[in-house]
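S.K.: Coordinates in data_22.pdb, PDB, C-alpha atoms, are listed below.
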```
ATOM      1  CA  MET A   1     -17.312 -46.321 -15.296
ATOM      2  CA  PHE A   2     -15.185 -45.767 -12.165
ATOM      3  CA  TRP A   3     -12.451 -43.832 -13.979
ATOM      4  CA  LYS A   4     -14.956 -41.768 -15.955
ATOM      5  CA  LEU A   5     -16.777 -40.688 -12.777
ATOM      6  CA  PHE A   6     -13.549 -40.206 -10.812
ATOM      7  CA  GLY A   7     -11.912 -38.224 -13.653
ATOM      8  CA  THR A   8     -14.916 -35.943 -14.141
ATOM      9  CA  TYR A   9     -15.169 -35.281 -10.421
ATOM     10  CA  GLY A  10     -11.404 -34.741 -10.226
ATOM     11  CA  VAL A  11     -11.424 -32.098 -12.968
ATOM     12  CA  LEU A  12     -14.387 -30.371 -11.315
ATOM     13  CA  VAL A  13     -12.621 -30.321  -7.918
ATOM     14  CA  VAL A  14      -9.311 -29.076  -9.346
ATOM     15  CA  VAL A  15     -10.995 -26.252 -11.301
ATOM     16  CA  SER A  16     -13.233 -25.252  -8.357
ATOM     17  CA  VAL A  17     -10.409 -25.249  -5.814
ATOM     18  CA  GLY A  18      -8.134 -23.360  -8.247
ATOM     19  CA  VAL A  19     -10.707 -20.637  -8.874
ATOM     20  CA  LEU A  20     -11.476 -20.373  -5.171
ATOM     21  CA  GLY A  21      -7.764 -20.118  -4.321
ATOM     22  CA  ALA A  22      -7.232 -17.377  -6.915
ATOM     23  CA  VAL A  23     -10.236 -15.381  -5.665
ATOM     24  CA  ILE A  24      -9.193 -15.679  -2.011
ATOM     25  CA  THR A  25      -5.606 -14.656  -2.817
ATOM     26  CA  ALA A  26      -6.726 -11.617  -4.837
ATOM     27  CA  ARG A  27      -9.201 -10.491  -2.180
ATOM     28  CA  ASN A  28      -6.648 -10.912   0.587
ATOM     29  CA  GLU A  29      -4.064  -8.841  -1.285
ATOM     30  CA  GLU A  30      -6.668  -6.120  -1.914
ATOM     31  CA  ALA A  31      -7.675  -6.154   1.770
ATOM     32  CA  PHE A  32      -4.006  -5.817   2.732
ATOM     33  CA  ARG A  33      -3.594  -2.827   0.383
ATOM     34  CA  ARG A  34      -6.675  -1.210   1.930
ATOM     35  CA  SER A  35      -5.274  -1.752   5.438
ATOM     36  CA  VAL A  36      -1.938  -0.194   4.412
ATOM     37  CA  ARG A  37      -3.793   2.780   2.907
ATOM     38  CA  LEU A  38      -5.768   3.220   6.138
ATOM     39  CA  SER A  39      -2.565   2.956   8.164
ATOM     40  CA  LEU A  40      -0.900   5.643   6.007
ATOM     41  CA  GLU A  41      -3.990   7.842   6.348
ATOM     42  CA  ASN A  42      -3.892   7.492  10.146
ATOM     43  CA  GLN A  43      -0.170   8.293  10.187
ATOM     44  CA  ALA A  44      -0.730  11.441   8.119
ATOM     45  CA  VAL A  45      -3.535  12.663  10.370
ATOM     46  CA  GLN A  46      -1.569  11.939  13.550
ATOM     47  CA  LEU A  47       1.635  13.564  12.252
ATOM     48  CA  THR A  48      -0.054  16.730  10.983
ATOM     49  CA  PRO A  49      -0.176  18.629  14.331
ATOM     50  CA  ALA A  50       3.515  17.937  14.944
ATOM     51  CA  LEU A  51       4.642  18.972  11.463
ATOM     52  CA  VAL A  52       2.221  21.747  10.484
ATOM     53  CA  GLY A  53       4.732  24.386  11.626
ATOM     54  CA  PHE A  54       7.077  23.406   8.809
ATOM     55  CA  LEU A  55       4.260  23.932   6.307
ATOM     56  CA  ARG A  56       3.487  27.376   7.767
ATOM     57  CA  SER A  57       7.108  28.484   7.377
ATOM     58  CA  ARG A  58       7.129  27.605   3.650
ATOM     59  CA  GLU A  59      10.920  27.284   3.792
ATOM     60  CA  VAL A  60      12.930  24.325   2.572
ATOM     61  CA  VAL A  61      14.438  22.739   5.653
ATOM     62  CA  ASP A  62      16.698  19.885   6.609
ATOM     63  CA  ALA A  63      14.815  19.005   9.778
ATOM     64  CA  PRO A  64      15.997  16.139  11.968
ATOM     65  CA  GLU A  65      12.463  16.044  13.420
ATOM     66  CA  ILE A  66      11.129  14.852  10.059
ATOM     67  CA  ASN A  67      13.610  11.975  10.055
ATOM     68  CA  ARG A  68      12.781  11.120  13.659
ATOM     69  CA  TYR A  69       9.044  11.025  12.952
ATOM     70  CA  ALA A  70       9.632   8.987   9.782
ATOM     71  CA  LYS A  71      11.669   6.453  11.729
ATOM     72  CA  LEU A  72       8.979   6.193  14.419
ATOM     73  CA  ALA A  73       6.218   5.816  11.816
ATOM     74  CA  GLY A  74       8.223   3.417   9.664
ATOM     75  CA  SER A  75       7.340   5.520   6.621
ATOM     76  CA  ARG A  76       8.878   8.077   4.326
ATOM     77  CA  ILE A  77       7.584  11.598   5.070
ATOM     78  CA  THR A  78       7.520  14.514   2.640
ATOM     79  CA  LEU A  79       6.230  18.019   3.349
ATOM     80  CA  ILE A  80       5.009  19.865   0.265
ATOM     81  CA  ALA A  81       3.991  23.524  -0.088
ATOM     82  CA  PRO A  82       0.678  24.377  -1.809
ATOM     83  CA  ASP A  83       2.580  25.236  -5.011
ATOM     84  CA  GLY A  84       4.347  21.836  -5.003
ATOM     85  CA  LEU A  85       7.709  22.957  -3.634
ATOM     86  CA  VAL A  86       9.183  20.176  -1.474
ATOM     87  CA  LEU A  87       9.917  21.669   1.941
ATOM     88  CA  ALA A  88      11.305  18.555   3.648
ATOM     89  CA  ASP A  89      11.765  14.856   2.951
ATOM     90  CA  SER A  90      12.931  12.086   5.246
ATOM     91  CA  ALA A  91      14.653  10.114   2.476
ATOM     92  CA  SER A  92      16.260  12.792   0.317
ATOM     93  CA  ASP A  93      17.520  16.364   0.288
ATOM     94  CA  ALA A  94      14.458  18.540  -0.369
ATOM     95  CA  ARG A  95      16.608  21.206  -2.059
ATOM     96  CA  GLU A  96      17.456  18.732  -4.822
ATOM     97  CA  MET A  97      13.904  17.500  -5.392
ATOM     98  CA  GLU A  98      11.695  18.689  -8.214
ATOM     99  CA  ASN A  99       8.292  20.266  -7.754
ATOM    100  CA  HIS A 100       5.690  17.725  -6.548
ATOM    101  CA  GLY A 101       2.592  19.730  -7.453
ATOM    102  CA  SER A 102       1.745  17.447 -10.373
ATOM    103  CA  ARG A 103       2.177  14.143  -8.521
ATOM    104  CA  PRO A 104      -1.068  12.130  -8.687
ATOM    105  CA  GLU A 105      -1.458  11.765  -4.920
ATOM    106  CA  VAL A 106      -0.944  15.525  -4.405
ATOM    107  CA  LEU A 107      -3.450  16.431  -7.142
ATOM    108  CA  ALA A 108      -6.014  14.082  -5.593
ATOM    109  CA  ALA A 109      -5.358  15.464  -2.092
ATOM    110  CA  LYS A 110      -5.734  19.026  -3.406
ATOM    111  CA  ARG A 111      -9.182  18.069  -4.689
ATOM    112  CA  ASP A 112     -10.404  15.548  -2.068
ATOM    113  CA  GLY A 113      -8.342  16.059   1.094
ATOM    114  CA  PHE A 114      -6.493  12.744   0.670
ATOM    115  CA  GLY A 115      -4.851  11.221  -2.369
ATOM    116  CA  VAL A 116      -3.264   7.810  -2.947
ATOM    117  CA  ALA A 117      -0.953   6.603  -5.682
ATOM    118  CA  THR A 118       1.179   3.512  -6.155
ATOM    119  CA  ARG A 119       4.109   4.242  -8.436
ATOM    120  CA  THR A 120       7.883   4.317  -8.714
ATOM    121  CA  SER A 121       9.561   7.171  -6.865
ATOM    122  CA  GLU A 122      11.299   9.491  -9.287
ATOM    123  CA  THR A 123      13.706  10.467  -6.495
ATOM    124  CA  LEU A 124      14.575   7.040  -5.062
ATOM    125  CA  GLU A 125      13.749   4.928  -8.154
ATOM    126  CA  ARG A 126      11.799   2.392  -6.042
ATOM    127  CA  PRO A 127       8.073   1.636  -6.065
ATOM    128  CA  PHE A 128       6.049   3.135  -3.203
ATOM    129  CA  MET A 129       2.465   3.526  -2.067
ATOM    130  CA  TYR A 130       2.003   7.247  -1.395
ATOM    131  CA  LEU A 131      -0.712   8.970   0.593
ATOM    132  CA  ALA A 132      -0.915  12.758   0.549
ATOM    133  CA  HIS A 133      -2.993  14.659   3.119
ATOM    134  CA  ARG A 134      -4.065  18.243   2.432
ATOM    135  CA  VAL A 135      -3.406  20.422   5.460
ATOM    136  CA  ASP A 136      -5.782  23.377   5.735
ATOM    137  CA  GLY A 137      -5.381  26.303   8.092
ATOM    138  CA  ASP A 138      -8.102  27.489  10.453
ATOM    139  CA  ASP A 139      -9.011  30.057   7.798
ATOM    140  CA  GLY A 140      -9.612  27.284   5.217
ATOM    141  CA  VAL A 141      -6.523  28.178   3.201
ATOM    142  CA  VAL A 142      -4.391  25.229   2.074
ATOM    143  CA  ARG A 143      -1.122  25.278   4.057
ATOM    144  CA  GLY A 144       0.417  22.393   2.144
ATOM    145  CA  PHE A 145       0.523  18.619   2.007
ATOM    146  CA  LEU A 146       1.919  15.996   4.309
ATOM    147  CA  ARG A 147       2.796  12.889   2.322
ATOM    148  CA  VAL A 148       3.636   9.499   3.826
ATOM    149  CA  ALA A 149       4.837   6.516   1.841
ATOM    150  CA  LEU A 150       5.730   2.861   2.217
ATOM    151  CA  PRO A 151       7.882   0.859  -0.185
ATOM    152  CA  ILE A 152       5.990  -1.749  -2.198
ATOM    153  CA  GLU A 153       8.445  -4.370  -0.909
ATOM    154  CA  THR A 154       6.329  -4.244   2.263
ATOM    155  CA  PHE A 155       3.464  -5.794   0.273
ATOM    156  CA  ARG A 156       5.641  -8.236  -1.649
ATOM    157  CA  GLU A 157       7.269  -9.586   1.514
ATOM    158  CA  ARG A 158       3.886 -10.544   2.935
ATOM    159  CA  ALA A 159       2.279 -11.834  -0.291
ATOM    160  CA  PRO A 160       4.220 -15.129  -0.548
ATOM    161  CA  GLU A 161       3.227 -16.086   3.009
ATOM    162  CA  VAL A 162      -0.448 -15.608   2.206
ATOM    163  CA  ARG A 163      -0.188 -17.450  -1.110
ATOM    164  CA  VAL A 164       1.475 -20.443   0.556
ATOM    165  CA  ILE A 165      -1.303 -20.620   3.146
ATOM    166  CA  VAL A 166      -4.119 -20.247   0.597
ATOM    167  CA  TRP A 167      -2.681 -22.606  -2.003
ATOM    168  CA  GLY A 168      -1.572 -25.110   0.658
ATOM    169  CA  GLY A 169      -5.126 -25.139   2.006
ATOM    170  CA  ALA A 170      -6.487 -25.489  -1.532
ATOM    171  CA  PHE A 171      -4.163 -28.443  -2.197
ATOM    172  CA  VAL A 172      -5.171 -30.240   1.011
ATOM    173  CA  THR A 173      -8.853 -29.576   0.297
ATOM    174  CA  GLY A 174      -8.449 -30.872  -3.249
ATOM    175  CA  CYS A 175      -6.692 -34.041  -2.052
ATOM    176  CA  LEU A 176      -9.404 -34.710   0.534
ATOM    177  CA  ALA A 177     -12.129 -34.160  -2.059
ATOM    178  CA  MET A 178     -10.386 -36.534  -4.484
ATOM    179  CA  PHE A 179     -10.076 -39.179  -1.760
ATOM    180  CA  VAL A 180     -13.798 -38.865  -0.975
ATOM    181  CA  ALA A 181     -14.575 -39.129  -4.701
ATOM    182  CA  TRP A 182     -12.442 -42.239  -5.011
ATOM    183  CA  VAL A 183     -14.154 -43.878  -2.007
ATOM    184  CA  LEU A 184     -17.648 -43.006  -3.315
ATOM    185  CA  ALA A 185     -16.879 -44.054  -6.889
ATOM    186  CA  SER A 186     -15.516 -47.480  -5.868
TER     187      SER A 186
END
```
Since I need it in another form, could you write the structure as structure tokens?
M.R.:
Amino acid sequence: MFWKLFGTYGVLVVVSVGVLGAVITARNEEAFRRSVRLSLENQAVQLTPALVGFLRSREVVDAPEINRYAKLAGSRITLIAPDGLVLADSASDAREMENHGSRPEVLAAKRDGFGVATRTSETLERPFMYLAHRVDGDDGVVRGFLRVALPIETFRERAPEVRVIVWGGAFVTGCLAMFVAWVLAS
């Protein structure tokens, strides 16, 4: 009788703690992605006044200011004309980059003001989270897009730490629950 009760309770505890650990891990990773998106959105809004002049000029430039702002923000910065022409990029030569008008984040920003996409960079061949911000002039005409991006490695570096904490807590909780079950069943 003891082993039957203890075994049943043990399976129930292991399954419950496992499901709870998986849900907490998934929610935490989603919350982290949302916080990164919000951080990118804030960066784009704060950088717009400083960089809007480059969008007005509509000329492809190799601007050290873009690199300086990118370094300060800790993000990749790309300035894109309304037609998709890349005017400046902090990680690559804009003159060698293809038109970005069909990129998902730019299409979404054209429609909604902001657009987000997580995908592999065609230029750098690394996965990034991109956020594009539509920059409108005082007359309501679209001046272009300011895009900021963070490499996905940023997420992956943090994920193992969170998983260790969640699953370590789940393991300790499971062990304590099994000990309580053993004491009650005896």
S.K.: State, in Å with one decimal place, the distance from CA of Arg37 in chain A to CA of Arg95 in chain A.
M.R.: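 Calculated distance between CA of Arg37 in chain A and CA of Arg95 in chain A is 27.9 Å.
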S.K.: Find, counting only C-alpha atoms, the residue in A:Arg119, A:Gly169, A:Leu47, A:Phe6 that gets nearest to Leu72 in chain A.
M.R.: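 Of A:Arg119, A:Gly169, A:Leu47, A:Phe6, the one nearest Leu72 in chain A is A:Leu47, counting only C-alpha atoms.
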S.K.: Considering all atoms listed in the file, can you say which of A:Val36, A:Phe54, A:Ala94, A:Arg103 comes closest to Pro151 in chain A?
M.R.: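 The shortest atom-to-atom distance to Pro151 in chain A comes from A:Val36.
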S.K.: Work out how far CA of Gly74 in chain A is from CA of Glu29 in chain A, in Å to one decimal.
M.R.: 20.5 Å
S.K.: So what does the PyMOL selection byres ((chain A and resi 124-127) around 10) actually pick up in this one, as a PyMOL selection string?
M.R.: chain A and resi 91-92+118-123+128-130+149-153
S.K.: Please identify all polymer residues within 12 Å of range 8-21 of chain A, counting all atoms listed in the file, omitting same-chain residues fewer than 3 positions from it, and present them as number ranges by chain.
M.R.: A: 1-5, 24-28, 162-182, 184-185
S.K.: Hey, what's within 12 Å of Val86 in chain A if we count only C-alpha atoms and toss same-chain stuff fewer than 2 positions away? As a VMD selection string, please?
M.R.: chain A and resid 54 to 55 58 to 62 77 to 84 88 to 90 92 to 103 106 123 144 to 147
